[in-house]
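Beneath this line is the structure, given in structure tokens, with notes to follow.
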Amino acid sequence: MTTLNITAQEKRQISAGEPLVWLNPMYQSAAAAPDAPDASAILEAESRLLRFAPLLIELFPELSAADGLIESPLIEATVLNTEINPLAGQLFLKADHALPVAGSIKARGGIHEVLCFAEKLALEKGLISDTSDDYRKLTAKDARALFAEHQIAVGSTGNLGLSIGIIGAALGFNAVVHMSSDAKDWKKERLRKRGVTVVEHNADYGAAVAAGRAESDADPKSYFVDDENSPRLFMGYAVAALRLQRQLADAGIPVDADHPLFVYLPAGVGGAPGGITFGLKSLFGEHVHCFFAEPVQAPCMLLGMAGEPGSEPTPIYDFDLQIDTDADGLAVGTASQWVCDATRDLLSGVYTATDTQLYQQLLKLKTLQDIEVEPSAAISCLGPTMLNTEVGKHYLDSHQLRKCLKNSTHIAWLTGGSFVPDKEYQHFLDIAIKISN
């Protein structure tokens, strides 16, 4: 087993499936991320998404009001704040559960990566002359014929598959999504209705990715989107930080030494929360504090971040865990080494929670804010409570944050939910109500 920066007590809690807060001992240590990406790539990703915005309106008319940007609102949750935030300050919900086109946090990164590939092909074949050209040309017959010769493939527990499959099929690519055993049937059906080929695997996320990668590698005209090792996905996710910066400024909310920002991000293999963390730290530095949130049965990012730089992440199976969770978007056994190595010095810590706790937050979101999310997304609402634990308070004291908590801003990142069928969501709600009684 790889050497891990966890205590004996933390090791026991992980193995027992007990909630905990883990503070990252390598936070703010530059040596912990020797090969960190160049932050200028975030602006490049933003520019690409802006170039494609007119085309995206053509493909998805619902983006018209947002000028072709795939973005979610920042919602002030005053009522929920009184229920879930014992630390004082303001609470906001970053509503990625309602992101247009793909309905989850995966939309920005997944769509950005497919657009990278489409742009490269179009430039190589002369369908567009340069990056100042009108990208709406890529809806023409010659462009669709070119894209139809190529395959876009991905391995997914569900939400990344929706993102890649929907944009890939809309552009005319042969889109193939390899789904792990914990992927929801409704997600598979939604993809098939969009003309996407869904390959089901009776195995976990890692196995689905490996199978998808192997099949794609055997086809010279297939492009594999690798959530574990993709700078293009990562930077697409990081663009969210630029958008959030503008939303905070528009709301008159400062982020500085006297006004700290706390962000709670559900984490699966790590790409989306890692990219967002990278973006936020690039913009706000030491004044933003990012925490990942994971189910007690799938704390893969905790184990990955607790490893040494350059080391292969420890699988959760080494702790006798079996990914037994309803949080399917977070049901991952091994973290992305690339993401861990890129962000190990940026992450403040990780907290884990039981499914019961997830459902309790899901119910509060519905009853107090009338917001419907997947169980995976609800885990973010536990952030302020977890920071109010003994370990969390140690973090606050170590960074001299207690004195300014009254001026703090807390953001629970809601990662998926708006595409969930009514019947499926009602099932979640029934479980949550039963637990609360």
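Each chain of the structure tokens is named A, B, ... in the order shown, its residues numbered from 1; ligands are numbered from 1 in display order.
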
Could you pull out all residues of region 324-434 of chain A with a DSSP call of helix (DSSP H, G or I) and give them as an NGL selection string? :A and (328-330 or 337-343 or 355-369 or 375-387 or 390-398 or 402-407 or 422-434)

Env of His112 (chain A): 12 Å cut, atoms = only C-alpha atoms, seq-sep filter 4 positions within chain, self excluded. Answer as a PDB file with C-alpha atoms, in the first residue's frame.
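Output contents, as saved in result33.pdb:
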ATOM      1  CA  ILE A  42      -8.161  28.648 -18.309  1.00  0.00           C
ATOM      2  CA  GLU A  44      -7.763  29.757 -23.555  1.00  0.00           C
ATOM      3  CA  ALA A  45     -10.661  27.462 -22.653  1.00  0.00           C
ATOM      4  CA  GLU A  46     -12.918  30.447 -22.000  1.00  0.00           C
ATOM      5  CA  SER A  47     -11.981  31.941 -25.372  1.00  0.00           C
ATOM      6  CA  ARG A  48     -12.770  28.676 -27.138  1.00  0.00           C
ATOM      7  CA  LEU A  49     -16.181  28.442 -25.516  1.00  0.00           C
ATOM      8  CA  LEU A  50     -16.901  32.016 -26.591  1.00  0.00           C
ATOM      9  CA  ARG A  51     -15.858  31.222 -30.181  1.00  0.00           C
ATOM     10  CA  PHE A  52     -18.277  28.312 -30.242  1.00  0.00           C
ATOM     11  CA  ALA A  53     -21.126  30.223 -28.540  1.00  0.00           C
ATOM     12  CA  LEU A  56     -24.026  26.262 -29.556  1.00  0.00           C
ATOM     13  CA  LEU A  69     -22.751  30.347 -22.615  1.00  0.00           C
ATOM     14  CA  ILE A  70     -23.339  27.186 -20.598  1.00  0.00           C
ATOM     15  CA  LYS A 106     -19.788  17.927 -16.200  1.00  0.00           C
ATOM     16  CA  ALA A 107     -21.317  20.160 -18.901  1.00  0.00           C
ATOM     17  CA  ARG A 108     -18.550  22.760 -19.125  1.00  0.00           C
ATOM     18  CA  CYS A 116     -11.460  21.112 -28.832  1.00  0.00           C
ATOM     19  CA  PHE A 117     -11.520  18.002 -31.024  1.00  0.00           C
ATOM     20  CA  ALA A 118     -14.111  19.446 -33.415  1.00  0.00           C
ATOM     21  CA  GLU A 119     -12.117  22.663 -33.785  1.00  0.00           C
ATOM     22  CA  LEU A 160     -19.890  12.956 -17.940  1.00  0.00           C
ATOM     23  CA  SER A 163     -22.225  15.746 -21.395  1.00  0.00           C
ATOM     24  CA  ILE A 164     -19.983  14.047 -23.981  1.00  0.00           C
ATOM     25  CA  ILE A 167     -22.678  17.435 -27.573  1.00  0.00           C
ATOM     26  CA  GLY A 168     -20.943  14.724 -29.606  1.00  0.00           C
ATOM     27  CA  VAL A 225     -12.254  11.582 -23.477  1.00  0.00           C
ATOM     28  CA  SER A 230      -7.426  15.203 -19.521  1.00  0.00           C
ATOM     29  CA  PRO A 231      -6.129  18.799 -19.320  1.00  0.00           C
ATOM     30  CA  ARG A 232      -8.878  19.811 -21.789  1.00  0.00           C
ATOM     31  CA  LEU A 233     -11.624  18.588 -19.491  1.00  0.00           C
ATOM     32  CA  PHE A 234      -9.840  20.067 -16.485  1.00  0.00           C
ATOM     33  CA  MET A 235      -9.557  23.543 -18.002  1.00  0.00           C
ATOM     34  CA  GLY A 236     -13.149  23.431 -19.213  1.00  0.00           C
ATOM     35  CA  TYR A 237     -14.191  22.790 -15.639  1.00  0.00           C
ATOM     36  CA  ALA A 238     -11.857  25.553 -14.402  1.00  0.00           C
ATOM     37  CA  VAL A 239     -13.723  28.127 -16.522  1.00  0.00           C
ATOM     38  CA  ALA A 240     -16.464  27.942 -13.858  1.00  0.00           C
TER      39      ALA A 240
END

When you count only C-alpha atoms, which of these residues is closest to Thr415 (chain A): A:Val350, A:Ala249, A:Val332, A:Ile276?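 Once distances to Thr415 (chain A) are computed over only C-alpha atoms, the minimum belongs to A:Ile276.
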
Kindly give the distance, in Å, that separates CA of Ile105 (chain A) and CA of Gly285 (chain A), rounded to a single decimal. 22.4 Å

Separation of CA of Ile75 (chain A) from CA of Leu414 (chain A), in Å and rounded to one decimal: 10.6 Å

Measuring between only C-alpha atoms, which one of A:Leu396, A:Leu347, A:Ala66, A:Leu303 shows the shortest distance to Ser408 (chain A)?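 Closest residue, counting only C-alpha atoms: A:Leu396.
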
Mind checking which residues fall within 8 Å of Gly103 (chain A), counting only C-alpha atoms, ignoring those fewer than 3 positions away in the same chain, and posting them as a ChimeraX atom specification? /A:96-100,107,416-419

Preceding selection exported with N, CA, C and O atoms as a CSV table (one decimal), in the first residue's frame:
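Result file is part-v2.csv:
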chain,number,residue,atom,x,y,z
A,96,ASP,N,-25.2,24.2,-10.5
A,96,ASP,CA,-24.8,23.4,-11.7
A,96,ASP,C,-25.7,22.2,-11.9
A,96,ASP,O,-25.7,21.6,-12.9
A,97,HIS,N,-26.6,21.9,-10.9
A,97,HIS,CA,-27.6,20.9,-11.2
A,97,HIS,C,-28.5,21.3,-12.3
A,97,HIS,O,-29.2,20.5,-12.9
A,98,ALA,N,-28.6,22.6,-12.6
A,98,ALA,CA,-29.5,23.2,-13.6
A,98,ALA,C,-28.7,23.7,-14.8
A,98,ALA,O,-29.3,24.4,-15.6
A,99,LEU,N,-27.5,23.3,-15.0
A,99,LEU,CA,-26.7,23.7,-16.2
A,99,LEU,C,-27.4,23.2,-17.4
A,99,LEU,O,-27.8,22.1,-17.5
A,100,PRO,N,-27.6,24.1,-18.4
A,100,PRO,CA,-28.3,23.7,-19.6
A,100,PRO,C,-27.5,22.7,-20.4
A,100,PRO,O,-26.3,22.5,-20.2
A,107,ALA,N,-21.0,19.5,-17.6
A,107,ALA,CA,-21.3,20.2,-18.9
A,107,ALA,C,-20.2,21.0,-19.4
A,107,ALA,O,-19.8,20.9,-20.6
A,416,GLY,N,-25.7,18.1,-9.9
A,416,GLY,CA,-26.6,17.4,-10.9
A,416,GLY,C,-28.0,17.2,-10.3
A,416,GLY,O,-28.1,17.1,-9.1
A,417,GLY,N,-29.0,17.2,-11.2
A,417,GLY,CA,-30.3,16.9,-10.7
A,417,GLY,C,-31.5,17.3,-11.6
A,417,GLY,O,-32.5,16.7,-11.6
A,418,SER,N,-31.3,18.4,-12.4
A,418,SER,CA,-32.4,18.9,-13.2
A,418,SER,C,-32.9,17.9,-14.3
A,418,SER,O,-34.1,18.0,-14.7
A,419,PHE,N,-32.1,17.0,-14.7
A,419,PHE,CA,-32.5,16.0,-15.7
A,419,PHE,C,-33.1,14.8,-15.1
A,419,PHE,O,-33.6,13.9,-15.9

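The list of residues with at least one atom within 6 Å of region 257-270 of chain A, based on only C-alpha atoms and without residues fewer than 5 positions apart in the same chain, reads His287, Val288, His289, Cys290, Phe291, Phe292, Ala293, Glu294, Leu330, Val332, Ala335, Ser336, Ser380, Gly383, Cys404, Asn407, Ser408, Thr409, His410, Ile411, Ala412 and Trp413 of chain A.
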
A:Ile14, A:Leu242, A:Val114, A:Leu127: which is nearest Ser40 (chain A), counting only C-alpha atoms?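 Between A:Ile14, A:Leu242, A:Val114, A:Leu127, the residue approaching Ser40 (chain A) most closely is A:Leu242.
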
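Interatomic distance, CA of Ser156 (chain A) to CA of His178 (chain A): 6.2 Å.
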
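Proximity of A:Trp186, A:Glu200, A:Ala208, A:Asn174 to Gly155 (chain A), computed with only C-alpha atoms, is greatest for A:Ala208.
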
With only C-alpha atoms as the counted atoms, please give the residues lying no more than 6 Å from region 15-29 of chain A, apart from itself and same-chain residues fewer than 6 positions off, as a tab-separated table (two decimals) with C-alpha atoms, in the first residue's frame.
chain	number	residue	atom	x	y	z
A	296	VAL	CA	-17.98	7.21	3.19
A	297	GLN	CA	-18.02	4.20	0.86
A	319	PHE	CA	-9.75	-0.34	2.92
A	345	ASP	CA	-1.19	21.92	-2.80
A	346	LEU	CA	-4.50	23.69	-3.47
A	347	LEU	CA	-7.04	21.57	-1.62
A	348	SER	CA	-7.79	22.44	1.99
A	349	GLY	CA	-9.28	19.07	2.84
A	350	VAL	CA	-11.92	16.40	2.28
A	351	TYR	CA	-14.96	15.42	4.28
A	352	THR	CA	-16.99	12.23	3.94
A	353	ALA	CA	-20.65	11.57	4.67

Close residues, Leu4 (chain A) itself excluded, 8 Å, only C-alpha atoms, min 5 positions apart in chain, as a list of chain:residue names: A:Leu303, A:Ala306, A:Gly307, A:Glu308

Please, could you write that set of residues out with C-alpha atoms as an mmCIF file, in the first residue's frame?
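File written: again-v6.cif
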data_model
loop_
_atom_site.group_PDB
_atom_site.id
_atom_site.type_symbol
_atom_site.label_atom_id
_atom_site.label_comp_id
_atom_site.auth_asym_id
_atom_site.auth_seq_id
_atom_site.Cartn_x
_atom_site.Cartn_y
_atom_site.Cartn_z
ATOM 1 C CA LEU A 303 -6.932 8.569 -0.459
ATOM 2 C CA ALA A 306 -3.247 11.735 0.983
ATOM 3 C CA GLY A 307 -0.665 9.983 -1.171
ATOM 4 C CA GLU A 308 2.779 11.289 -2.007
#

Of the residues A:Ile111, A:Leu91, A:Ala378, A:Ala211, which is the one nearest to Lys406 (chain A), using only C-alpha atoms?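 Among A:Ile111, A:Leu91, A:Ala378, A:Ala211, it is A:Leu91 that comes nearest to Lys406 (chain A).
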
Minimum-distance residue to Thr354 (chain A), chosen among A:Ala327, A:Ala140, A:Leu43, A:Ala95 (using only C-alpha atoms):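 Answer, going by the shortest atom-to-atom distance: A:Ala327.
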
Test item, strand (DSSP E or B) assignment across region 142-337 of chain A, answer as a short mmCIF file (atom, residue, chain, number, x, y, z; two decimals) with C-alpha atoms, in the first residue's frame:
data_model
loop_
_atom_site.label_atom_id
_atom_site.label_comp_id
_atom_site.auth_asym_id
_atom_site.auth_seq_id
_atom_site.Cartn_x
_atom_site.Cartn_y
_atom_site.Cartn_z
CA GLN A 151 -16.01 8.54 -32.95
CA ILE A 152 -16.10 10.30 -29.59
CA ALA A 153 -15.88 7.83 -26.70
CA VAL A 154 -15.92 8.14 -22.92
CA GLY A 155 -16.23 6.00 -19.78
CA SER A 156 -18.66 7.33 -17.18
CA ASN A 174 -20.49 8.80 -33.61
CA ALA A 175 -20.79 9.12 -29.83
CA VAL A 176 -20.15 6.08 -27.61
CA VAL A 177 -20.49 6.06 -23.83
CA HIS A 178 -19.18 3.17 -21.73
CA MET A 179 -21.26 3.09 -18.55
CA THR A 197 -24.40 4.27 -28.38
CA VAL A 198 -24.36 3.11 -24.75
CA VAL A 199 -22.11 0.18 -23.80
CA GLU A 200 -22.99 -1.27 -20.41
CA SER A 222 -11.82 7.42 -32.36
CA TYR A 223 -11.13 10.11 -29.78
CA PHE A 224 -11.30 9.05 -26.13
CA VAL A 225 -12.25 11.58 -23.48
CA ASP A 256 -10.14 38.86 0.55
CA HIS A 259 -14.01 38.07 3.57
CA LEU A 261 -14.70 32.17 0.62
CA PHE A 262 -15.43 28.51 1.43
CA VAL A 263 -16.41 26.19 -1.42
CA TYR A 264 -17.70 22.63 -0.99
CA LEU A 265 -17.39 20.38 -4.04
CA PRO A 266 -18.71 16.83 -4.47
CA VAL A 288 -10.60 30.74 -0.99
CA HIS A 289 -10.78 27.44 0.86
CA CYS A 290 -11.87 24.41 -1.17
CA PHE A 291 -13.10 21.17 0.35
CA PHE A 292 -14.03 18.01 -1.53
CA ALA A 293 -17.02 15.95 -0.35
CA GLU A 294 -17.29 12.17 -0.79
CA PRO A 295 -19.46 9.25 0.36
CA GLY A 307 -0.66 9.98 -1.17
#
